[in-house]
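Shown below: target-v2.pdb, with PDB, C-alpha atoms and all ligand atoms.
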ATOM      1  CA  MET C   1      34.309 -36.818  23.132
ATOM      2  CA  LEU C   2      34.637 -33.058  23.397
ATOM      3  CA  SER C   3      37.040 -32.868  20.521
ATOM      4  CA  LYS C   4      34.670 -34.940  18.414
ATOM      5  CA  ILE C   5      31.872 -32.433  19.047
ATOM      6  CA  GLY C   6      34.346 -29.647  18.362
ATOM      7  CA  LYS C   7      35.236 -31.239  15.056
ATOM      8  CA  MET C   8      31.579 -31.629  14.094
ATOM      9  CA  PHE C   9      30.878 -28.023  14.994
ATOM     10  CA  PHE C  10      33.815 -26.948  12.870
ATOM     11  CA  MET C  11      32.478 -28.904   9.917
ATOM     12  CA  ILE C  12      29.002 -27.413  10.293
ATOM     13  CA  VAL C  13      30.504 -23.914  10.328
ATOM     14  CA  ILE C  14      32.622 -24.676   7.286
ATOM     15  CA  SER C  15      29.721 -26.180   5.337
ATOM     16  CA  SER C  16      27.401 -23.314   6.176
ATOM     17  CA  VAL C  17      30.044 -20.842   5.034
ATOM     18  CA  PHE C  18      30.349 -22.876   1.866
ATOM     19  CA  LEU C  19      26.565 -22.905   1.365
ATOM     20  CA  ALA C  20      26.316 -19.189   2.026
ATOM     21  CA  GLY C  21      29.025 -18.674  -0.560
ATOM     22  CA  CYS C  22      27.010 -20.748  -3.029
ATOM     23  CA  SER C  23      23.805 -18.809  -2.609
ATOM     24  CA  GLN C  24      25.788 -15.583  -2.802
ATOM     25  CA  SER C  25      27.165 -16.548  -6.181
ATOM     26  CA  LYS C  26      23.674 -17.510  -7.338
ATOM     27  CA  ASN C  27      22.496 -14.015  -6.494
ATOM     28  CA  THR C  28      24.994 -12.254  -8.655
ATOM     29  CA  GLY C  29      26.121 -14.911 -11.056
ATOM     30  CA  GLY C  30      22.842 -15.782 -12.773
ATOM     31  CA  ALA C  31      24.091 -14.330 -16.021
ATOM     32  CA  SER C  32      27.053 -16.713 -16.200
ATOM     33  CA  ASN C  33      24.695 -19.572 -17.011
ATOM     34  CA  PRO C  34      22.178 -18.158 -19.465
ATOM     35  CA  ASN C  35      20.628 -21.531 -20.286
ATOM     36  CA  ALA C  36      19.512 -22.226 -16.738
ATOM     37  CA  ALA C  37      16.160 -20.802 -15.711
ATOM     38  CA  VAL C  38      16.761 -17.872 -13.407
ATOM     39  CA  LYS C  39      16.216 -18.965  -9.841
ATOM     40  CA  LYS C  40      14.003 -16.773  -7.691
ATOM     41  CA  ASN C  41      16.565 -16.090  -5.058
ATOM     42  CA  PHE C  42      15.736 -12.610  -3.827
ATOM     43  CA  ILE C  43      12.346 -12.674  -2.150
ATOM     44  CA  VAL C  44      10.581  -9.423  -1.446
ATOM     45  CA  VAL C  45       7.536  -9.711   0.816
ATOM     46  CA  THR C  46       5.023  -6.861   0.885
ATOM     47  CA  SER C  47       2.608  -6.173   3.719
ATOM     48  CA  PHE C  48      -0.539  -5.423   1.720
ATOM     49  CA  TYR C  49      -1.980  -4.636  -1.682
ATOM     50  CA  PRO C  50      -0.994  -0.973  -2.325
ATOM     51  CA  VAL C  51       2.641  -1.657  -1.388
ATOM     52  CA  TYR C  52       2.539  -4.812  -3.523
ATOM     53  CA  ILE C  53       1.556  -2.811  -6.621
ATOM     54  CA  SER C  54       4.381  -0.288  -6.078
ATOM     55  CA  THR C  55       6.893  -3.046  -5.415
ATOM     56  CA  ILE C  56       6.088  -5.129  -8.501
ATOM     57  CA  ASN C  57       6.614  -1.982 -10.564
ATOM     58  CA  VAL C  58      10.003  -1.313  -8.947
ATOM     59  CA  THR C  59      11.115  -4.935  -9.438
ATOM     60  CA  ARG C  60       9.504  -5.325 -12.859
ATOM     61  CA  ASP C  61      11.441  -7.764 -15.086
ATOM     62  CA  VAL C  62      14.383  -7.943 -12.691
ATOM     63  CA  PRO C  63      15.569 -11.558 -12.968
ATOM     64  CA  GLY C  64      15.654 -13.608  -9.801
ATOM     65  CA  VAL C  65      13.353 -11.359  -7.810
ATOM     66  CA  GLU C  66      10.072 -12.677  -6.502
ATOM     67  CA  VAL C  67       7.450 -10.486  -4.842
ATOM     68  CA  ILE C  68       5.020 -12.098  -2.410
ATOM     69  CA  ASN C  69       2.131 -10.259  -0.808
ATOM     70  CA  MET C  70       1.888 -11.450   2.805
ATOM     71  CA  THR C  71      -1.806 -10.732   3.319
ATOM     72  CA  LYS C  72      -4.746 -11.798   1.190
ATOM     73  CA  SER C  73      -5.700  -9.427  -1.625
ATOM     74  CA  GLN C  74      -8.984  -8.507  -0.013
ATOM     75  CA  THR C  75      -7.593  -7.871   3.483
ATOM     76  CA  GLY C  76      -7.616  -4.103   3.040
ATOM     77  CA  CYS C  77      -6.110  -1.843   5.690
ATOM     78  CA  LEU C  78      -3.941  -3.472   8.318
ATOM     79  CA  HIS C  79      -4.900  -1.269  11.275
ATOM     80  CA  ASP C  80      -5.880  -4.148  13.561
ATOM     81  CA  TYR C  81      -4.229  -6.941  11.657
ATOM     82  CA  GLN C  82      -2.842  -9.871  13.649
ATOM     83  CA  LEU C  83       0.045 -11.886  12.217
ATOM     84  CA  SER C  84      -0.836 -15.511  11.516
ATOM     85  CA  PRO C  85       1.668 -18.378  11.835
ATOM     86  CA  GLU C  86       1.546 -18.541   8.032
ATOM     87  CA  ASP C  87       2.556 -14.860   7.812
ATOM     88  CA  LEU C  88       5.548 -15.517  10.049
ATOM     89  CA  LYS C  89       6.587 -18.366   7.756
ATOM     90  CA  THR C  90       6.341 -16.026   4.770
ATOM     91  CA  LEU C  91       8.431 -13.414   6.570
ATOM     92  CA  GLU C  92      11.034 -16.022   7.431
ATOM     93  CA  LYS C  93      12.003 -16.385   3.778
ATOM     94  CA  ALA C  94      11.930 -12.642   3.043
ATOM     95  CA  ASN C  95      15.135 -10.975   1.909
ATOM     96  CA  ALA C  96      13.238  -7.718   2.306
ATOM     97  CA  PHE C  97       9.880  -6.803   3.809
ATOM     98  CA  VAL C  98       8.229  -3.753   2.277
ATOM     99  CA  ILE C  99       5.775  -2.002   4.563
ATOM    100  CA  ASN C 100       3.588   1.036   4.025
ATOM    101  CA  GLY C 101       4.872   2.428   7.309
ATOM    102  CA  ALA C 102       3.281   5.453   8.972
ATOM    103  CA  ASN C 103       2.062   2.951  11.565
ATOM    104  CA  MET C 104      -0.231   1.056   9.189
ATOM    105  CA  GLU C 105       1.509  -2.172  10.213
ATOM    106  CA  ALA C 106       0.780  -2.098  13.926
ATOM    107  CA  PHE C 107       2.080  -5.679  14.127
ATOM    108  CA  LEU C 108       5.594  -4.708  13.041
ATOM    109  CA  ASP C 109       7.172  -4.692  16.509
ATOM    110  CA  LYS C 110       5.908  -8.202  17.076
ATOM    111  CA  ALA C 111       7.263  -9.356  13.724
ATOM    112  CA  ILE C 112      10.703  -7.901  14.457
ATOM    113  CA  LYS C 113      10.721  -9.416  17.935
ATOM    114  CA  GLN C 114      10.097 -12.832  16.376
ATOM    115  CA  GLN C 115      12.531 -12.258  13.507
ATOM    116  CA  PRO C 116      15.205  -9.734  14.464
ATOM    117  CA  GLN C 117      17.039 -10.306  11.159
ATOM    118  CA  LEU C 118      14.062  -9.008   9.136
ATOM    119  CA  LYS C 119      15.112  -6.276   6.671
ATOM    120  CA  VAL C 120      12.307  -3.736   6.667
ATOM    121  CA  ILE C 121      11.762  -1.253   3.838
ATOM    122  CA  ASP C 122       9.689   1.704   4.985
ATOM    123  CA  ALA C 123       7.830   3.098   1.969
ATOM    124  CA  SER C 124       6.634   6.176   3.857
ATOM    125  CA  LYS C 125      10.078   7.428   4.869
ATOM    126  CA  ASN C 126      10.189  11.248   4.783
ATOM    127  CA  ILE C 127       6.516  11.588   3.869
ATOM    128  CA  GLU C 128       4.838  14.317   5.854
ATOM    129  CA  LEU C 129       1.944  12.722   7.741
ATOM    130  CA  LEU C 130      -1.441  14.304   8.301
ATOM    131  CA  THR C 131      -3.030  14.004  11.722
ATOM    132  CA  ASP C 132      -6.715  13.609  12.530
ATOM    133  CA  GLN C 133      -8.712  15.489  15.185
ATOM    134  CA  ASN C 134      -7.431  13.109  17.861
ATOM    135  CA  GLY C 135      -3.825  13.823  16.944
ATOM    136  CA  GLU C 136      -3.376  10.412  15.388
ATOM    137  CA  LYS C 137      -1.208  10.079  12.303
ATOM    138  CA  ASN C 138      -3.080   9.060   9.198
ATOM    139  CA  PRO C 139      -1.359   6.103   7.495
ATOM    140  CA  HIS C 140      -3.295   6.168   4.170
ATOM    141  CA  VAL C 141      -0.528   8.077   2.389
ATOM    142  CA  TRP C 142      -0.609   6.167  -0.929
ATOM    143  CA  VAL C 143      -4.072   7.518  -1.765
ATOM    144  CA  SER C 144      -2.264  10.703  -2.861
ATOM    145  CA  VAL C 145      -0.542  10.067  -6.187
ATOM    146  CA  SER C 146       2.394  12.296  -5.191
ATOM    147  CA  ASN C 147       2.918  10.225  -2.064
ATOM    148  CA  ALA C 148       2.701   7.041  -4.125
ATOM    149  CA  MET C 149       5.571   8.459  -6.222
ATOM    150  CA  THR C 150       7.624   9.060  -3.074
ATOM    151  CA  GLN C 151       6.839   5.528  -1.895
ATOM    152  CA  VAL C 152       8.092   4.105  -5.177
ATOM    153  CA  GLN C 153      11.360   6.034  -4.822
ATOM    154  CA  ASN C 154      11.707   4.945  -1.195
ATOM    155  CA  ILE C 155      11.204   1.301  -2.122
ATOM    156  CA  ALA C 156      13.743   1.537  -4.951
ATOM    157  CA  GLU C 157      16.392   3.219  -2.787
ATOM    158  CA  GLN C 158      16.076   0.854   0.162
ATOM    159  CA  LEU C 159      15.824  -2.197  -2.070
ATOM    160  CA  SER C 160      18.973  -1.097  -3.897
ATOM    161  CA  ALA C 161      20.826  -0.975  -0.588
ATOM    162  CA  LEU C 162      19.781  -4.565   0.188
ATOM    163  CA  ASP C 163      20.342  -5.889  -3.336
ATOM    164  CA  PRO C 164      23.041  -3.658  -4.854
ATOM    165  CA  ALA C 165      23.542  -5.984  -7.835
ATOM    166  CA  ASN C 166      20.160  -4.906  -9.188
ATOM    167  CA  ALA C 167      20.219  -1.304  -7.945
ATOM    168  CA  GLU C 168      20.371   0.214 -11.400
ATOM    169  CA  LYS C 169      17.348  -1.775 -12.570
ATOM    170  CA  TYR C 170      15.301  -0.842  -9.519
ATOM    171  CA  ARG C 171      16.059   2.851  -9.982
ATOM    172  CA  LYS C 172      15.281   2.757 -13.679
ATOM    173  CA  ASN C 173      11.949   1.001 -13.069
ATOM    174  CA  ALA C 174      11.071   3.425 -10.283
ATOM    175  CA  GLY C 175      11.841   6.366 -12.553
ATOM    176  CA  GLU C 176       9.646   5.021 -15.339
ATOM    177  CA  TYR C 177       6.715   4.195 -13.071
ATOM    178  CA  SER C 178       6.997   7.548 -11.281
ATOM    179  CA  LYS C 179       6.738   9.310 -14.622
ATOM    180  CA  ARG C 180       3.513   7.465 -15.341
ATOM    181  CA  LEU C 181       2.188   8.410 -11.909
ATOM    182  CA  GLU C 182       3.077  12.029 -12.556
ATOM    183  CA  THR C 183       1.161  11.956 -15.831
ATOM    184  CA  LEU C 184      -1.782  10.413 -13.988
ATOM    185  CA  ARG C 185      -1.744  13.103 -11.292
ATOM    186  CA  ASP C 186      -1.529  15.932 -13.804
ATOM    187  CA  ALA C 187      -4.379  14.487 -15.848
ATOM    188  CA  MET C 188      -6.573  14.143 -12.750
ATOM    189  CA  GLN C 189      -5.823  17.703 -11.716
ATOM    190  CA  LYS C 190      -6.768  18.904 -15.191
ATOM    191  CA  THR C 191      -9.984  16.882 -15.076
ATOM    192  CA  LEU C 192     -11.027  18.608 -11.868
ATOM    193  CA  ALA C 193      -9.761  22.065 -12.770
ATOM    194  CA  GLY C 194     -13.156  23.509 -13.681
ATOM    195  CA  THR C 195     -14.968  22.080 -10.658
ATOM    196  CA  GLU C 196     -16.195  24.680  -8.214
ATOM    197  CA  ASN C 197     -18.016  22.361  -5.845
ATOM    198  CA  ARG C 198     -15.283  20.551  -3.932
ATOM    199  CA  ASP C 199     -17.136  19.380  -0.834
ATOM    200  CA  ILE C 200     -17.171  15.627  -0.338
ATOM    201  CA  ILE C 201     -18.303  13.166   2.314
ATOM    202  CA  THR C 202     -16.355   9.938   2.589
ATOM    203  CA  PHE C 203     -16.456   6.694   4.504
ATOM    204  CA  HIS C 204     -13.309   5.546   6.364
ATOM    205  CA  GLU C 205     -10.318   7.850   7.022
ATOM    206  CA  ALA C 206      -8.644   6.906   3.740
ATOM    207  CA  PHE C 207      -9.041  10.116   1.778
ATOM    208  CA  PRO C 208      -7.361  13.099   3.524
ATOM    209  CA  TYR C 209      -4.159  12.822   1.421
ATOM    210  CA  PHE C 210      -6.212  12.417  -1.747
ATOM    211  CA  ALA C 211      -8.367  15.402  -0.821
ATOM    212  CA  LYS C 212      -5.321  17.533  -0.117
ATOM    213  CA  GLU C 213      -3.763  16.667  -3.449
ATOM    214  CA  PHE C 214      -6.875  17.430  -5.463
ATOM    215  CA  ASN C 215      -8.083  20.347  -3.409
ATOM    216  CA  LEU C 216     -11.206  18.650  -2.113
ATOM    217  CA  ASN C 217     -12.894  19.521   1.125
ATOM    218  CA  ILE C 218     -13.903  16.548   3.296
ATOM    219  CA  VAL C 219     -16.990  17.793   5.130
ATOM    220  CA  ALA C 220     -17.579  14.560   7.057
ATOM    221  CA  VAL C 221     -16.220  11.047   7.452
ATOM    222  CA  ILE C 222     -19.000   8.566   8.131
ATOM    223  CA  GLU C 223     -17.179   5.424   9.243
ATOM    224  CA  ARG C 224     -13.655   5.921  10.507
ATOM    225  CA  GLU C 225     -12.775   2.331   9.751
ATOM    226  CA  PRO C 226     -14.620  -0.461   7.975
ATOM    227  CA  GLY C 227     -17.277  -2.054  10.103
ATOM    228  CA  SER C 228     -17.489   0.739  12.663
ATOM    229  CA  ASP C 229     -21.026   1.824  11.915
ATOM    230  CA  PRO C 230     -21.938   5.320  13.014
ATOM    231  CA  SER C 231     -24.221   5.594  16.029
ATOM    232  CA  PRO C 232     -27.807   6.839  15.404
ATOM    233  CA  LYS C 233     -26.709  10.197  16.815
ATOM    234  CA  GLU C 234     -23.714  10.420  14.473
ATOM    235  CA  LEU C 235     -25.904   9.404  11.567
ATOM    236  CA  ALA C 236     -28.451  12.118  12.377
ATOM    237  CA  GLU C 237     -25.671  14.693  12.657
ATOM    238  CA  THR C 238     -24.247  13.690   9.295
ATOM    239  CA  ILE C 239     -27.676  13.919   7.696
ATOM    240  CA  GLU C 240     -28.009  17.449   9.081
ATOM    241  CA  LYS C 241     -24.555  18.324   7.781
ATOM    242  CA  VAL C 242     -25.374  17.045   4.305
ATOM    243  CA  LYS C 243     -28.639  18.963   4.246
ATOM    244  CA  ALA C 244     -27.007  22.162   5.492
ATOM    245  CA  SER C 245     -24.130  22.006   3.027
ATOM    246  CA  GLN C 246     -26.299  20.972   0.084
ATOM    247  CA  ILE C 247     -23.837  18.220  -0.733
ATOM    248  CA  LYS C 248     -25.081  16.228  -3.701
ATOM    249  CA  ALA C 249     -22.595  13.372  -3.593
ATOM    250  CA  LEU C 250     -21.503  10.792  -1.034
ATOM    251  CA  PHE C 251     -18.447   8.709  -1.678
ATOM    252  CA  ALA C 252     -18.508   5.132  -0.479
ATOM    253  CA  GLU C 253     -15.759   2.595  -1.097
ATOM    254  CA  PRO C 254     -15.885  -0.646  -3.041
ATOM    255  CA  GLN C 255     -14.358  -2.479  -0.064
ATOM    256  CA  TYR C 256     -17.554  -2.510   1.960
ATOM    257  CA  SER C 257     -21.179  -1.833   1.289
ATOM    258  CA  SER C 258     -22.409   0.816   3.612
ATOM    259  CA  LYS C 259     -25.905   0.849   4.998
ATOM    260  CA  ALA C 260     -25.106   4.257   6.443
ATOM    261  CA  ALA C 261     -24.474   5.640   2.946
ATOM    262  CA  GLU C 262     -27.831   4.348   1.744
ATOM    263  CA  THR C 263     -29.620   5.825   4.746
ATOM    264  CA  ILE C 264     -28.008   9.234   4.275
ATOM    265  CA  SER C 265     -28.715   9.108   0.566
ATOM    266  CA  ARG C 266     -32.376   8.303   1.208
ATOM    267  CA  GLU C 267     -32.750  11.058   3.797
ATOM    268  CA  THR C 268     -30.971  13.789   1.860
ATOM    269  CA  GLY C 269     -31.308  12.936  -1.811
ATOM    270  CA  ALA C 270     -27.523  12.954  -2.183
ATOM    271  CA  LYS C 271     -26.287  10.299  -4.571
ATOM    272  CA  VAL C 272     -23.796   7.582  -3.583
ATOM    273  CA  TYR C 273     -20.668   7.228  -5.715
ATOM    274  CA  ILE C 274     -17.758   4.851  -5.335
ATOM    275  CA  LEU C 275     -14.230   6.136  -4.674
ATOM    276  CA  ASP C 276     -11.530   3.512  -4.462
ATOM    277  CA  PRO C 277      -8.645   4.037  -2.013
ATOM    278  CA  VAL C 278      -6.887   1.186  -3.879
ATOM    279  CA  VAL C 279      -6.483  -0.832  -0.729
ATOM    280  CA  THR C 280      -7.745  -4.136  -2.139
ATOM    281  CA  GLY C 281      -7.455  -5.879  -5.474
ATOM    282  CA  GLU C 282      -5.849  -8.883  -7.090
ATOM    283  CA  ALA C 283      -2.272  -8.997  -5.817
ATOM    284  CA  LYS C 284      -1.021 -11.020  -8.736
ATOM    285  CA  PRO C 285       2.063 -10.749 -10.919
ATOM    286  CA  GLY C 286       1.353  -8.467 -13.855
ATOM    287  CA  ALA C 287      -1.028  -6.186 -11.943
ATOM    288  CA  TYR C 288       1.342  -3.293 -12.696
ATOM    289  CA  ASP C 289      -1.309  -0.808 -13.794
ATOM    290  CA  ASP C 290      -3.964  -1.495 -11.172
ATOM    291  CA  TYR C 291      -3.235   1.593  -9.074
ATOM    292  CA  ILE C 292      -3.216   3.855 -12.118
ATOM    293  CA  ARG C 293      -6.439   2.358 -13.442
ATOM    294  CA  ALA C 294      -8.250   2.730 -10.121
ATOM    295  CA  MET C 295      -7.113   6.350  -9.785
ATOM    296  CA  GLU C 296      -8.199   7.200 -13.326
ATOM    297  CA  LYS C 297     -11.600   5.851 -12.449
ATOM    298  CA  ASN C 298     -11.661   7.968  -9.265
ATOM    299  CA  GLY C 299     -10.916  11.060 -11.329
ATOM    300  CA  LYS C 300     -13.816  10.343 -13.655
ATOM    301  CA  THR C 301     -16.151   9.608 -10.754
ATOM    302  CA  LEU C 302     -15.278  12.907  -9.081
ATOM    303  CA  GLN C 303     -15.781  14.828 -12.281
ATOM    304  CA  GLU C 304     -19.180  13.224 -12.743
ATOM    305  CA  ALA C 305     -20.256  13.660  -9.117
ATOM    306  CA  LEU C 306     -19.093  17.232  -8.586
ATOM    307  CA  LYS C 307     -20.192  18.824 -11.837
TER     308      LYS C 307
HETATM  309 ZN    ZN C 401      -7.648   2.352   6.676
END

Could you express the structure from this file as structure tokens?
Amino acid sequence: MLSKIGKMFFMIVISSVFLAGCSQSKNTGGASNPNAAVKKNFIVVTSFYPVYISTINVTRDVPGVEVINMTKSQTGCLHDYQLSPEDLKTLEKANAFVINGANMEAFLDKAIKQQPQLKVIDASKNIELLTDQNGEKNPHVWVSVSNAMTQVQNIAEQLSALDPANAEKYRKNAGEYSKRLETLRDAMQKTLAGTENRDIITFHEAFPYFAKEFNLNIVAVIEREPGSDPSPKELAETIEKVKASQIKALFAEPQYSSKAAETISRETGAKVYILDPVVTGEAKPGAYDDYIRAMEKNGKTLQEALK
């Protein structure tokens, strides 16, 4: 009886080695059978929209690589996000999981506890983090174009380590996309060069990195996170601040309509403009230019609002 079980166990081990060998050869040997459609056999899961956009650029046109965004396009920031059973299923098939890092994915420990084999790519590696008044690290690093460039390089390097067969392609793609981001950043800086008024009021803690990059001065943040409406006292204080500083523009975000913005606008005469932290959008294949487009729009909005 025992030996029978032993034999069966041996066969299972042998067949799984054999299967592993098969999938291994699929990974690297796609080119040997050019007529067969390339199988999607390296699955890269991203945590949310901004990381998705960077990752599809890094993996652009690399055969056999599929990028899946774990959360819904309109989820936005993941500060309080709870993993669903569906998310865990998605992570189960991930050959790599790209996160923003900087503690945006507060659920990460739980995910790793459930799936210790998960290969995590930290896009914010070596990015210097800003801290808020409470000493908390600000995770919205990608809203600075320079940081987005670093994230792209980080993703390419760590992806190359996990999928060395395609390393050259990842690095080439990252280089090309980074160049485009550099052009974008330089153009935005030029657009704002003549602007003397650089005071802005924003909603949600998404803009400190953006402000630093473009030399803007955030006078007040109205809602730290979506849905956390300011108290009447906070609202009154902000209205006083706007009046005292003679700020003419408020910057809301497309992700949530803000009653607070309207109230402040009504009380002070300051106009409400939309700045997009590029945290939501259509996470679909081919959305390569969505970050660049949104940032170009932000540059134009700032120019218009601050002139
Ligand atoms: Zn956020």

Close residues to ligand ZN 401 (chain C) using all atoms listed in the file, limit 7 Å, as a PyMOL selection string: chain C and resi 77+79+140+204-206+225

Counting only C-alpha atoms, find residues at most 9 Å from (2.5, 13.7, -4.5) (file frame) and give them as a ChimeraX atom specification. /C:142,144-150,182,185,209,213

Minimum-distance residue to Ile121 in chain C, chosen among C:Gly101, C:Pro277, C:Gly194, C:Pro230 (using all atoms listed in the file):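 Closest to Ile121 in chain C of all the choices is C:Gly101.
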
Within 10 Å of (-9.8, 18.8, -14.0) in the file's own coordinates, which protein, DNA or RNA residues have an atom, counting only C-alpha atoms? List them as a PDB file with C-alpha atoms, in the coordinates of the input.
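File selection_36.pdb, as written:
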ATOM      1  CA  ASP C 186      -1.529  15.932 -13.804  1.00  0.00           C
ATOM      2  CA  ALA C 187      -4.379  14.487 -15.848  1.00  0.00           C
ATOM      3  CA  MET C 188      -6.573  14.143 -12.750  1.00  0.00           C
ATOM      4  CA  GLN C 189      -5.823  17.703 -11.716  1.00  0.00           C
ATOM      5  CA  LYS C 190      -6.768  18.904 -15.191  1.00  0.00           C
ATOM      6  CA  THR C 191      -9.984  16.882 -15.076  1.00  0.00           C
ATOM      7  CA  LEU C 192     -11.027  18.608 -11.868  1.00  0.00           C
ATOM      8  CA  ALA C 193      -9.761  22.065 -12.770  1.00  0.00           C
ATOM      9  CA  GLY C 194     -13.156  23.509 -13.681  1.00  0.00           C
ATOM     10  CA  THR C 195     -14.968  22.080 -10.658  1.00  0.00           C
ATOM     11  CA  PHE C 214      -6.875  17.430  -5.463  1.00  0.00           C
ATOM     12  CA  GLY C 299     -10.916  11.060 -11.329  1.00  0.00           C
ATOM     13  CA  LYS C 300     -13.816  10.343 -13.655  1.00  0.00           C
ATOM     14  CA  LEU C 302     -15.278  12.907  -9.081  1.00  0.00           C
ATOM     15  CA  GLN C 303     -15.781  14.828 -12.281  1.00  0.00           C
TER      16      GLN C 303
END

Return as a Markdown table the residues of range 108-216 of chain C lying at most 10 Å from range 60-71 of chain C, together with the closest atom-to-atom pair for each and the distance in Å to one decimal, counting all atoms listed in the file, with rows in chain order and ascending residue number.
| residue | atom | partner | partner_atom | distance |
| --- | --- | --- | --- | --- |
| C:Asp163 | CA | C:Val65 | CA | 9.9 |
| C:Asn166 | CA | C:Val62 | CA | 7.4 |
| C:Lys169 | CA | C:Val62 | CA | 6.8 |
| C:Tyr170 | CA | C:Val62 | CA | 7.8 |
| C:Lys172 | CA | C:Arg60 | CA | 10.0 |
| C:Asn173 | CA | C:Arg60 | CA | 6.8 |
| C:Ala174 | CA | C:Arg60 | CA | 9.3 |
| C:Tyr177 | CA | C:Arg60 | CA | 9.9 |

Please produce a file of the residues just selected, as a PDB file, keeping the file's coordinate frame, where the atoms kept are C-alpha atoms.
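Now in out-v3.pdb:
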ATOM      1  CA  ASP C 163      20.342  -5.889  -3.336  1.00  0.00           C
ATOM      2  CA  ASN C 166      20.160  -4.906  -9.188  1.00  0.00           C
ATOM      3  CA  LYS C 169      17.348  -1.775 -12.570  1.00  0.00           C
ATOM      4  CA  TYR C 170      15.301  -0.842  -9.519  1.00  0.00           C
ATOM      5  CA  LYS C 172      15.281   2.757 -13.679  1.00  0.00           C
ATOM      6  CA  ASN C 173      11.949   1.001 -13.069  1.00  0.00           C
ATOM      7  CA  ALA C 174      11.071   3.425 -10.283  1.00  0.00           C
ATOM      8  CA  TYR C 177       6.715   4.195 -13.071  1.00  0.00           C
TER       9      TYR C 177
END

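When the PyMOL selection byres (((chain C and resi 47) around 6) and not hetatm) is run on the displayed coordinates, the residues it returns are Thr46, Phe48, Met70 and Ile99 of chain C.
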